[in-house]
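> Handing over target03.cif, mmCIF, C-alpha atoms and all ligand atoms.
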```cif
data_query
#
loop_
_atom_site.label_atom_id
_atom_site.label_comp_id
_atom_site.auth_asym_id
_atom_site.auth_seq_id
_atom_site.Cartn_x
_atom_site.Cartn_y
_atom_site.Cartn_z
CA MET A 1 129.38 24.67 -21.21
CA ARG A 2 129.75 25.98 -17.67
CA LYS A 3 132.02 24.09 -15.29
CA TYR A 4 130.45 23.12 -11.98
CA VAL A 5 131.94 24.67 -8.84
CA ILE A 6 131.32 22.94 -5.52
CA ALA A 7 132.44 25.13 -2.63
CA GLY A 8 132.34 24.47 1.08
CA ASN A 9 131.67 27.28 3.54
CA TRP A 10 133.00 26.20 6.90
CA LYS A 11 131.62 29.31 8.65
CA MET A 12 132.96 29.54 12.26
CA ASN A 13 134.14 25.96 12.56
CA MET A 14 137.48 24.09 12.71
CA THR A 15 140.87 24.82 14.23
CA PRO A 16 144.02 24.61 12.08
CA ALA A 17 144.68 21.06 13.32
CA GLN A 18 141.11 19.98 12.56
CA THR A 19 141.44 21.66 9.17
CA LYS A 20 144.43 19.47 8.26
CA ASP A 21 142.63 16.32 9.38
CA LEU A 22 139.48 17.05 7.43
CA ILE A 23 141.29 18.04 4.23
CA ASN A 24 143.48 14.94 4.45
CA GLN A 25 140.30 12.86 4.66
CA MET A 26 138.72 14.70 1.73
CA LYS A 27 141.66 14.64 -0.68
CA PRO A 28 141.39 11.02 -1.86
CA LEU A 29 137.58 11.20 -1.93
CA VAL A 30 137.46 14.15 -4.35
CA ALA A 31 140.63 13.40 -6.34
CA ASP A 32 138.80 12.45 -9.54
CA ALA A 33 136.26 15.27 -9.47
CA THR A 34 135.33 16.80 -12.80
CA CYS A 35 134.15 20.02 -11.12
CA ASP A 36 136.15 22.73 -9.33
CA VAL A 37 136.41 21.96 -5.61
CA VAL A 38 136.82 24.85 -3.18
CA LEU A 39 136.86 25.12 0.62
CA CYS A 40 136.24 28.55 2.13
CA VAL A 41 137.61 28.47 5.64
CA PRO A 42 138.13 30.81 8.64
CA TYR A 43 141.10 33.18 8.25
CA VAL A 44 143.24 31.40 10.84
CA ASP A 45 142.79 28.10 8.98
CA ILE A 46 143.82 29.33 5.54
CA ALA A 47 147.52 28.56 5.90
CA ALA A 48 146.85 25.07 7.30
CA ALA A 49 144.27 24.43 4.57
CA VAL A 50 146.62 25.53 1.79
CA GLU A 51 149.36 23.30 3.17
CA ALA A 52 147.05 20.28 3.53
CA ALA A 53 145.53 20.78 0.07
CA ASN A 54 148.90 21.24 -1.64
CA GLY A 55 149.22 18.96 -4.66
CA SER A 56 145.50 18.11 -4.67
CA ASN A 57 142.58 19.50 -6.68
CA ILE A 58 141.16 21.33 -3.64
CA LYS A 59 141.42 25.12 -3.77
CA ILE A 60 141.15 27.31 -0.70
CA GLY A 61 139.10 30.44 -0.15
CA ALA A 62 138.17 32.89 2.60
CA GLU A 63 134.78 33.84 4.00
CA ASN A 64 135.02 37.63 3.68
CA ILE A 65 137.31 40.48 2.53
CA HIS A 66 137.52 44.16 3.40
CA TRP A 67 137.24 46.77 0.65
CA ALA A 68 140.31 48.78 1.70
CA GLN A 69 143.86 47.69 0.89
CA SER A 70 145.08 48.38 4.43
CA GLY A 71 144.48 50.74 7.31
CA ALA A 72 142.70 51.26 10.60
CA PHE A 73 140.00 48.59 10.30
CA THR A 74 140.37 46.47 13.43
CA GLY A 75 139.35 42.87 12.88
CA GLU A 76 139.15 43.09 9.08
CA ILE A 77 141.32 41.47 6.40
CA SER A 78 142.53 42.66 3.00
CA GLY A 79 142.72 40.96 -0.35
CA GLU A 80 146.50 41.20 -0.35
CA MET A 81 146.62 39.35 2.98
CA LEU A 82 144.29 36.63 1.72
CA LYS A 83 146.30 36.16 -1.47
CA ALA A 84 149.56 36.04 0.47
CA ALA A 85 148.09 33.32 2.69
CA GLY A 86 147.26 31.28 -0.41
CA ALA A 87 143.52 31.91 -0.77
CA GLN A 88 142.16 31.89 -4.33
CA TYR A 89 138.44 32.45 -3.67
CA VAL A 90 136.42 34.61 -1.31
CA ILE A 91 132.77 34.57 -0.23
CA ILE A 92 131.12 38.01 -0.26
CA GLY A 93 127.75 39.09 1.14
CA HIS A 94 126.76 35.85 2.83
CA SER A 95 123.34 36.26 4.44
CA GLU A 96 124.85 35.69 7.87
CA ARG A 97 127.06 38.74 7.27
CA ARG A 98 124.02 40.69 6.07
CA GLN A 99 121.86 39.51 9.01
CA TYR A 100 124.30 39.75 11.93
CA PHE A 101 127.09 42.10 10.84
CA GLY A 102 125.46 44.96 8.98
CA GLU A 103 126.49 43.93 5.47
CA THR A 104 124.56 45.90 2.83
CA ASP A 105 124.27 45.69 -0.94
CA ASP A 106 126.67 48.65 -1.16
CA THR A 107 129.33 47.05 1.04
CA VAL A 108 128.95 43.86 -1.02
CA ASN A 109 129.70 45.94 -4.12
CA ALA A 110 132.77 47.48 -2.44
CA ARG A 111 134.05 44.08 -1.33
CA LEU A 112 133.47 42.62 -4.78
CA LYS A 113 135.62 45.35 -6.32
CA ALA A 114 138.36 44.64 -3.76
CA ALA A 115 138.26 40.90 -4.47
CA ILE A 116 138.56 41.49 -8.22
CA ALA A 117 141.40 43.98 -7.71
CA SER A 118 143.24 41.38 -5.62
CA GLY A 119 142.83 38.63 -8.18
CA LEU A 120 140.61 36.50 -5.96
CA THR A 121 137.61 34.69 -7.44
CA PRO A 122 134.55 36.12 -5.67
CA ILE A 123 131.51 34.09 -4.65
CA VAL A 124 128.74 36.68 -4.25
CA CYS A 125 125.74 35.54 -2.21
CA VAL A 126 122.18 36.71 -2.78
CA GLY A 127 118.90 35.38 -1.45
CA GLU A 128 115.52 36.25 -0.01
CA THR A 129 114.22 35.88 3.54
CA LEU A 130 111.14 33.80 4.28
CA GLU A 131 109.14 37.02 4.68
CA GLN A 132 110.23 38.22 1.23
CA ARG A 133 109.33 34.85 -0.31
CA GLU A 134 105.89 34.93 1.33
CA LYS A 135 105.35 38.47 0.02
CA ASN A 136 106.16 37.16 -3.44
CA ILE A 137 109.16 39.47 -3.93
CA THR A 138 111.87 36.80 -4.25
CA VAL A 139 112.89 37.67 -7.80
CA GLU A 140 112.78 41.42 -7.10
CA THR A 141 114.95 40.92 -4.01
CA VAL A 142 117.68 38.88 -5.69
CA ALA A 143 117.56 41.14 -8.77
CA MET A 144 118.21 44.22 -6.62
CA GLN A 145 120.98 42.49 -4.67
CA THR A 146 122.61 41.36 -7.92
CA LYS A 147 122.33 44.73 -9.66
CA ILE A 148 123.87 46.63 -6.75
CA ALA A 149 126.58 44.00 -6.19
CA PHE A 150 127.69 44.31 -9.83
CA ARG A 151 127.51 48.10 -10.10
CA ASP A 152 130.57 49.41 -11.98
CA ILE A 153 131.94 45.89 -12.54
CA SER A 154 133.04 45.20 -16.13
CA ALA A 155 131.74 42.26 -18.16
CA ASP A 156 135.23 40.73 -18.17
CA ASP A 157 135.29 40.74 -14.38
CA ALA A 158 131.64 39.71 -14.00
CA VAL A 159 132.13 36.58 -16.07
CA ASN A 160 134.79 35.34 -13.66
CA THR A 161 132.62 36.01 -10.63
CA ILE A 162 130.52 33.24 -9.09
CA ILE A 163 127.04 33.99 -7.78
CA ALA A 164 125.49 31.83 -5.06
CA TYR A 165 121.73 31.88 -4.67
CA GLU A 166 121.11 31.13 -1.02
CA PRO A 167 117.54 31.52 0.22
CA VAL A 168 117.93 32.66 3.82
CA TRP A 169 115.13 30.36 5.02
CA ALA A 170 117.00 27.31 3.68
CA ILE A 171 120.34 27.97 5.38
CA GLY A 172 121.13 25.63 8.24
CA THR A 173 117.45 24.81 8.63
CA GLY A 174 117.34 21.48 6.83
CA LYS A 175 114.70 23.07 4.54
CA THR A 176 115.95 23.02 0.98
CA ALA A 177 114.41 24.91 -1.89
CA THR A 178 112.88 22.39 -4.27
CA ASP A 179 114.86 21.73 -7.44
CA GLU A 180 112.30 23.81 -9.34
CA GLN A 181 112.28 26.73 -6.89
CA ALA A 182 116.07 26.93 -6.93
CA ASP A 183 116.29 26.65 -10.71
CA GLU A 184 113.65 29.32 -11.17
CA VAL A 185 115.53 31.86 -9.05
CA ASN A 186 118.92 30.93 -10.52
CA GLY A 187 117.37 31.48 -13.96
CA ALA A 188 116.04 34.86 -12.83
CA ILE A 189 119.52 35.84 -11.64
CA ARG A 190 120.95 34.77 -15.00
CA ASN A 191 118.37 37.04 -16.65
CA VAL A 192 119.53 39.99 -14.55
CA ILE A 193 123.12 39.30 -15.66
CA LYS A 194 121.86 39.17 -19.24
CA GLU A 195 120.13 42.55 -18.79
CA ILE A 196 123.34 44.11 -17.50
CA TYR A 197 126.01 42.38 -19.62
CA GLY A 198 124.27 40.54 -22.46
CA ILE A 199 123.74 36.93 -23.34
CA ASP A 200 127.40 35.84 -23.58
CA THR A 201 128.21 36.75 -19.99
CA ALA A 202 124.88 35.37 -18.78
CA GLU A 203 125.54 32.01 -20.37
CA LYS A 204 129.07 31.76 -19.00
CA ILE A 205 128.62 32.97 -15.42
CA VAL A 206 128.51 30.26 -12.74
CA ILE A 207 125.46 30.42 -10.47
CA GLN A 208 125.45 28.08 -7.49
CA TYR A 209 122.67 27.08 -5.14
CA GLY A 210 123.22 27.00 -1.37
CA GLY A 211 120.98 26.20 1.57
CA SER A 212 120.88 22.75 3.17
CA MET A 213 122.38 21.15 0.09
CA ASN A 214 123.45 17.66 1.15
CA ALA A 215 124.51 14.23 -0.08
CA LYS A 216 120.89 13.25 -0.69
CA ASN A 217 119.47 16.27 -2.52
CA ALA A 218 122.55 17.48 -4.43
CA ALA A 219 122.10 15.37 -7.58
CA GLY A 220 118.56 16.64 -8.18
CA LEU A 221 119.51 20.28 -7.70
CA LEU A 222 122.67 20.03 -9.81
CA ALA A 223 120.77 18.42 -12.68
CA LYS A 224 118.84 21.64 -13.20
CA GLN A 225 119.66 23.92 -16.11
CA HIS A 226 120.64 27.02 -14.15
CA ILE A 227 122.32 25.40 -11.13
CA ASP A 228 126.07 25.29 -11.78
CA GLY A 229 127.27 24.15 -8.41
CA GLY A 230 126.72 24.46 -4.71
CA LEU A 231 127.80 26.49 -1.72
CA ILE A 232 127.70 23.96 1.08
CA GLY A 233 127.64 24.73 4.80
CA GLY A 234 127.05 21.86 7.21
CA ALA A 235 127.74 19.06 4.75
CA SER A 236 131.16 20.53 3.90
CA LEU A 237 132.32 19.66 7.42
CA LYS A 238 131.93 15.94 6.67
CA ALA A 239 134.41 14.45 4.19
CA GLU A 240 132.11 11.68 2.99
CA ASP A 241 129.01 13.88 2.51
CA PHE A 242 131.01 16.62 0.78
CA SER A 243 132.58 14.11 -1.60
CA VAL A 244 129.16 12.74 -2.55
CA ILE A 245 128.08 16.26 -3.53
CA VAL A 246 131.32 16.77 -5.49
CA LYS A 247 130.69 13.52 -7.37
CA ALA A 248 127.11 14.60 -8.18
CA ALA A 249 128.51 17.63 -10.04
CA LYS A 250 129.20 16.16 -13.45
P1 LIG B 1 123.96 24.94 5.04
O1 LIG B 1 124.42 24.05 3.92
O2 LIG B 1 124.49 24.53 6.38
O3 LIG B 1 122.48 25.16 5.02
O4 LIG B 1 124.62 26.38 4.76
C1 LIG B 1 124.50 26.93 3.51
C2 LIG B 1 125.33 28.13 3.45
O5 LIG B 1 125.06 29.13 4.10
C3 LIG B 1 126.54 28.10 2.61
O6 LIG B 1 127.09 29.36 2.48
#
```
For this file, write the structure as structure tokens.


Amino acid sequence: MRKYVIAGNWKMNMTPAQTKDLINQMKPLVADATCDVVLCVPYVDIAAAVEAANGSNIKIGAENIHWAQSGAFTGEISGEMLKAAGAQYVIIGHSERRQYFGETDDTVNARLKAAIASGLTPIVCVGETLEQREKNITVETVAMQTKIAFRDISADDAVNTIIAYEPVWAIGTGKTATDEQADEVNGAIRNVIKEIYGIDTAEKIVIQYGGSMNAKNAAGLLAKQHIDGGLIGGASLKAEDFSVIVKAAK
């Protein structure tokens, strides 16, 4: 049995003070969750988030990581820094990074290796654009992204990595993949993992869905065989909505 993981992705939102407020609101609402609860927050909010979440079941993550351990990489952040700040998870290869900041499948692979080396739990994002879906190359697209992301990653490390299927056309648009569409692609991703690592790893690896997941549609999506959690954008900025999604993961 795979354990559900519900993770928020705050993107470029919240100051440290707002972070404390929101986490303090969330804590009692998610206290009896049976899933893992994670909030991936902007770098400057990590310390405040860790402090606010202390003693609760909320774990804190970051939204990106650089592949080098240190050096002349202005504006970047290393795994060691994230760990020292108290982060336990890190999002890698989000489509907004791919779309606006030149992230490629190869840099995703490099960042994944860095996250594993630092002892962070990676959340690797894959997903097709609307154009790719309309050309009927959704499965090919996510398969390629997954294969390159996991190049030279051992089965032991892969099994502890989370994959998030996030169709680009469903992010922040209010358009959600149907339960069936999401489950179909998550199943295809699981098949790719099976091809690379075998059935054991494929059955254990957590594959989330993300893209306009909200308090209303979460239960239907999470009931599907291959959907083991969610990566939540907008709805993770509202304590009540996020807690409804967390409660749907059981
Ligand atoms: P929304 O839930 O706002 O569509 O964002 C999804 C997402 O990109 C999570 O990483």

> For ligand LIG 1 (chain B), list the contacting residues at 10 Å or closer, counting all atoms listed in the file, as a PyMOL selection string.

chain A and resi 7-11+40+63+91-96+123+125+164-176+209-214+230-237

> Go ahead and save the residues from that selection, with C-alpha atoms, as a PDB file, keeping the file's coordinate frame.


```pdb
ATOM      1  CA  ALA A   7     132.440  25.130  -2.630  1.00  0.00           C
ATOM      2  CA  GLY A   8     132.340  24.470   1.080  1.00  0.00           C
ATOM      3  CA  ASN A   9     131.670  27.280   3.540  1.00  0.00           C
ATOM      4  CA  TRP A  10     133.000  26.200   6.900  1.00  0.00           C
ATOM      5  CA  LYS A  11     131.620  29.310   8.650  1.00  0.00           C
ATOM      6  CA  CYS A  40     136.240  28.550   2.130  1.00  0.00           C
ATOM      7  CA  GLU A  63     134.780  33.840   4.000  1.00  0.00           C
ATOM      8  CA  ILE A  91     132.770  34.570  -0.230  1.00  0.00           C
ATOM      9  CA  ILE A  92     131.120  38.010  -0.260  1.00  0.00           C
ATOM     10  CA  GLY A  93     127.750  39.090   1.140  1.00  0.00           C
ATOM     11  CA  HIS A  94     126.760  35.850   2.830  1.00  0.00           C
ATOM     12  CA  SER A  95     123.340  36.260   4.440  1.00  0.00           C
ATOM     13  CA  GLU A  96     124.850  35.690   7.870  1.00  0.00           C
ATOM     14  CA  ILE A 123     131.510  34.090  -4.650  1.00  0.00           C
ATOM     15  CA  CYS A 125     125.740  35.540  -2.210  1.00  0.00           C
ATOM     16  CA  ALA A 164     125.490  31.830  -5.060  1.00  0.00           C
ATOM     17  CA  TYR A 165     121.730  31.880  -4.670  1.00  0.00           C
ATOM     18  CA  GLU A 166     121.110  31.130  -1.020  1.00  0.00           C
ATOM     19  CA  PRO A 167     117.540  31.520   0.220  1.00  0.00           C
ATOM     20  CA  VAL A 168     117.930  32.660   3.820  1.00  0.00           C
ATOM     21  CA  TRP A 169     115.130  30.360   5.020  1.00  0.00           C
ATOM     22  CA  ALA A 170     117.000  27.310   3.680  1.00  0.00           C
ATOM     23  CA  ILE A 171     120.340  27.970   5.380  1.00  0.00           C
ATOM     24  CA  GLY A 172     121.130  25.630   8.240  1.00  0.00           C
ATOM     25  CA  THR A 173     117.450  24.810   8.630  1.00  0.00           C
ATOM     26  CA  GLY A 174     117.340  21.480   6.830  1.00  0.00           C
ATOM     27  CA  LYS A 175     114.700  23.070   4.540  1.00  0.00           C
ATOM     28  CA  THR A 176     115.950  23.020   0.980  1.00  0.00           C
ATOM     29  CA  TYR A 209     122.670  27.080  -5.140  1.00  0.00           C
ATOM     30  CA  GLY A 210     123.220  27.000  -1.370  1.00  0.00           C
ATOM     31  CA  GLY A 211     120.980  26.200   1.570  1.00  0.00           C
ATOM     32  CA  SER A 212     120.880  22.750   3.170  1.00  0.00           C
ATOM     33  CA  MET A 213     122.380  21.150   0.090  1.00  0.00           C
ATOM     34  CA  ASN A 214     123.450  17.660   1.150  1.00  0.00           C
ATOM     35  CA  GLY A 230     126.720  24.460  -4.710  1.00  0.00           C
ATOM     36  CA  LEU A 231     127.800  26.490  -1.720  1.00  0.00           C
ATOM     37  CA  ILE A 232     127.700  23.960   1.080  1.00  0.00           C
ATOM     38  CA  GLY A 233     127.640  24.730   4.800  1.00  0.00           C
ATOM     39  CA  GLY A 234     127.050  21.860   7.210  1.00  0.00           C
ATOM     40  CA  ALA A 235     127.740  19.060   4.750  1.00  0.00           C
ATOM     41  CA  SER A 236     131.160  20.530   3.900  1.00  0.00           C
ATOM     42  CA  LEU A 237     132.320  19.660   7.420  1.00  0.00           C
TER      43      LEU A 237
END
```

> May I have the residues within 8 Å of Ile6 of chain A as a PyMOL selection string, using all atoms listed in the file and disregarding those fewer than 5 positions away in the same chain?

chain A and resi 35-38+229-232+245-246+249

> Based on the selection just made, write C-alpha atoms of those residues as a short mmCIF file (atom, residue, chain, number, x, y, z; two decimals), keeping the file's coordinate frame.


```
data_model
loop_
_atom_site.label_atom_id
_atom_site.label_comp_id
_atom_site.auth_asym_id
_atom_site.auth_seq_id
_atom_site.Cartn_x
_atom_site.Cartn_y
_atom_site.Cartn_z
CA CYS A 35 134.15 20.02 -11.12
CA ASP A 36 136.15 22.73 -9.33
CA VAL A 37 136.41 21.96 -5.61
CA VAL A 38 136.82 24.85 -3.18
CA GLY A 229 127.27 24.15 -8.41
CA GLY A 230 126.72 24.46 -4.71
CA LEU A 231 127.80 26.49 -1.72
CA ILE A 232 127.70 23.96 1.08
CA ILE A 245 128.08 16.26 -3.53
CA VAL A 246 131.32 16.77 -5.49
CA ALA A 249 128.51 17.63 -10.04
#
```

> What is the distance, in Å and to one decimal place, between atom CA of Asn54 of chain A and atom CA of Gly86 of chain A?

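Computing the Euclidean distance for atom CA of Asn54 of chain A and atom CA of Gly86 of chain A yields 10.2 Å.
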
> Please, what distance in Å, to one decimal, runs between atom CA of Asp45 of chain A and atom CA of Thr15 of chain A?

6.5 Å

> Using only C-alpha atoms, pick whichever of A:Thr121, A:Thr104, A:Asn13, A:Thr201 has the shortest atom-to-atom distance to Val44 of chain A.

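Answer, going by the shortest atom-to-atom distance: A:Asn13.
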
> Restricting the calculation to all atoms listed in the file, which member of A:Gly61, A:Ala223, A:Ala215, A:Ala87 is positioned closest to Ala239 of chain A?

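Answer, going by the shortest atom-to-atom distance: A:Ala215.
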
> Select, counting only C-alpha atoms, all protein, DNA and RNA residues no farther than 8 Å from (122.1, 34.8, -8.0) in file coordinates, and express the selection as a list in words.

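It turns out the residues near that spot are Val124, Cys125, Val126, Gly127, Val142, Ala143, Thr146, Ile163, Ala164, Tyr165, Glu166, Val185, Asn186, Ala188, Ile189, Arg190, Ile207 and Gln208 of chain A.
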
> Might you pull out every residue within 10 Å of Lys216 of chain A, with only C-alpha atoms counted and same-chain residues fewer than 6 positions away left off, and present them as number ranges by chain?

A: 241, 244-245, 248

> Considering all atoms listed in the file, return as an NGL selection string whatever protein or nucleic-acid residues lie within 10 Å of Asn64 of chain A, sequence-local ones (same chain, fewer than 3 positions apart) excluded.

:A and (40-43 or 61 or 67 or 76-79 or 82 or 89-94 or 97 or 108 or 111-112 or 115 or 122-123)

> Could you check which of A:Ala218, A:Ala17, A:Ala114, A:Met81 is closest to Glu51 of chain A, using only C-alpha atoms?

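With only C-alpha atoms as the atom set, the closest residue is A:Ala17.
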
> Rounded to one decimal, what separation in Å do you get between atom CA of Asn217 of chain A and atom CA of Asp183 of chain A?

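Going from atom CA of Asn217 of chain A over to atom CA of Asp183 of chain A, I get 13.6 Å.
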
> I need every residue sitting at most 12 Å from the point (123.0, 37.8, -19.3) (coordinates as in the file, only C-alpha atoms considered), written as a ChimeraX atom specification.

/A:146-147,155,158-159,186-207

> Taking every listed atom of segment 173-177 of chain A and adding 6 Å to each side, what centre and edge lengths in Å (one decimal) does the axis-aligned box have, as AutoDock Vina command-line options?


```
--center_x 115.9 --center_y 23.2 --center_z 3.4 --size_x 15.0 --size_y 15.4 --size_z 22.5
```

> Point out the residue among A:Asn160, A:Asn109, A:Ser243, A:Gln25 with the least atom-to-atom distance to Ile65 of chain A, counting all atoms listed in the file.

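With all atoms listed in the file as the atom set, the closest residue is A:Asn109.
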
> Is it possible to dump segment 160-180 of chain A as an mmCIF file, in the first residue's frame, including just N, CA and C atoms?


```cif
data_model
loop_
_atom_site.group_PDB
_atom_site.id
_atom_site.type_symbol
_atom_site.label_atom_id
_atom_site.label_comp_id
_atom_site.auth_asym_id
_atom_site.auth_seq_id
_atom_site.Cartn_x
_atom_site.Cartn_y
_atom_site.Cartn_z
ATOM 1 N N ASN A 160 12.135 6.257 -3.364
ATOM 2 C CA ASN A 160 11.867 7.324 -2.382
ATOM 3 C C ASN A 160 11.611 8.681 -3.036
ATOM 4 N N THR A 161 11.526 8.685 -4.344
ATOM 5 C CA THR A 161 11.260 9.919 -5.077
ATOM 6 C C THR A 161 9.769 9.977 -5.391
ATOM 7 N N ILE A 162 9.202 11.166 -5.296
ATOM 8 C CA ILE A 162 7.792 11.356 -5.646
ATOM 9 C C ILE A 162 7.736 11.935 -7.061
ATOM 10 N N ILE A 163 6.797 11.462 -7.847
ATOM 11 C CA ILE A 163 6.577 12.052 -9.174
ATOM 12 C C ILE A 163 5.236 12.783 -9.124
ATOM 13 N N ALA A 164 5.183 13.969 -9.709
ATOM 14 C CA ALA A 164 3.905 14.681 -9.817
ATOM 15 C C ALA A 164 3.563 14.846 -11.286
ATOM 16 N N TYR A 165 2.436 14.254 -11.692
ATOM 17 C CA TYR A 165 1.951 14.485 -13.050
ATOM 18 C C TYR A 165 1.133 15.769 -13.052
ATOM 19 N N GLU A 166 1.643 16.772 -13.758
ATOM 20 C CA GLU A 166 0.966 18.057 -13.810
ATOM 21 C C GLU A 166 0.787 18.489 -15.268
ATOM 22 N N PRO A 167 -0.374 18.225 -15.850
ATOM 23 C CA PRO A 167 -0.604 18.693 -17.211
ATOM 24 C C PRO A 167 -0.544 20.218 -17.240
ATOM 25 N N VAL A 168 0.282 20.757 -18.121
ATOM 26 C CA VAL A 168 0.543 22.202 -18.113
ATOM 27 C C VAL A 168 -0.746 22.996 -18.322
ATOM 28 N N TRP A 169 -1.642 22.467 -19.139
ATOM 29 C CA TRP A 169 -2.897 23.156 -19.452
ATOM 30 C C TRP A 169 -3.857 23.192 -18.266
ATOM 31 N N ALA A 170 -3.582 22.436 -17.226
ATOM 32 C CA ALA A 170 -4.484 22.384 -16.069
ATOM 33 C C ALA A 170 -3.968 23.216 -14.901
ATOM 34 N N ILE A 171 -2.768 23.799 -15.054
ATOM 35 C CA ILE A 171 -2.165 24.513 -13.926
ATOM 36 C C ILE A 171 -2.656 25.949 -13.866
ATOM 37 N N GLY A 172 -3.309 26.278 -12.771
ATOM 38 C CA GLY A 172 -3.748 27.650 -12.544
ATOM 39 C C GLY A 172 -4.835 28.113 -13.500
ATOM 40 N N THR A 173 -5.411 27.188 -14.235
ATOM 41 C CA THR A 173 -6.397 27.554 -15.253
ATOM 42 C C THR A 173 -7.820 27.245 -14.803
ATOM 43 N N GLY A 174 -7.944 26.495 -13.704
ATOM 44 C CA GLY A 174 -9.265 26.049 -13.288
ATOM 45 C C GLY A 174 -9.737 24.836 -14.089
ATOM 46 N N LYS A 175 -8.983 24.470 -15.133
ATOM 47 C CA LYS A 175 -9.306 23.261 -15.916
ATOM 48 C C LYS A 175 -8.574 22.091 -15.283
ATOM 49 N N THR A 176 -9.313 21.117 -14.810
ATOM 50 C CA THR A 176 -8.664 19.945 -14.225
ATOM 51 C C THR A 176 -8.732 18.814 -15.236
ATOM 52 N N ALA A 177 -7.721 17.973 -15.249
ATOM 53 C CA ALA A 177 -7.857 16.723 -15.997
ATOM 54 C C ALA A 177 -9.004 15.953 -15.359
ATOM 55 N N THR A 178 -9.751 15.207 -16.148
ATOM 56 C CA THR A 178 -10.786 14.365 -15.538
ATOM 57 C C THR A 178 -10.086 13.285 -14.711
ATOM 58 N N ASP A 179 -10.846 12.673 -13.816
ATOM 59 C CA ASP A 179 -10.277 11.606 -12.986
ATOM 60 C C ASP A 179 -9.639 10.534 -13.880
ATOM 61 N N GLU A 180 -10.329 10.231 -14.977
ATOM 62 C CA GLU A 180 -9.859 9.166 -15.878
ATOM 63 C C GLU A 180 -8.597 9.587 -16.639
#
```
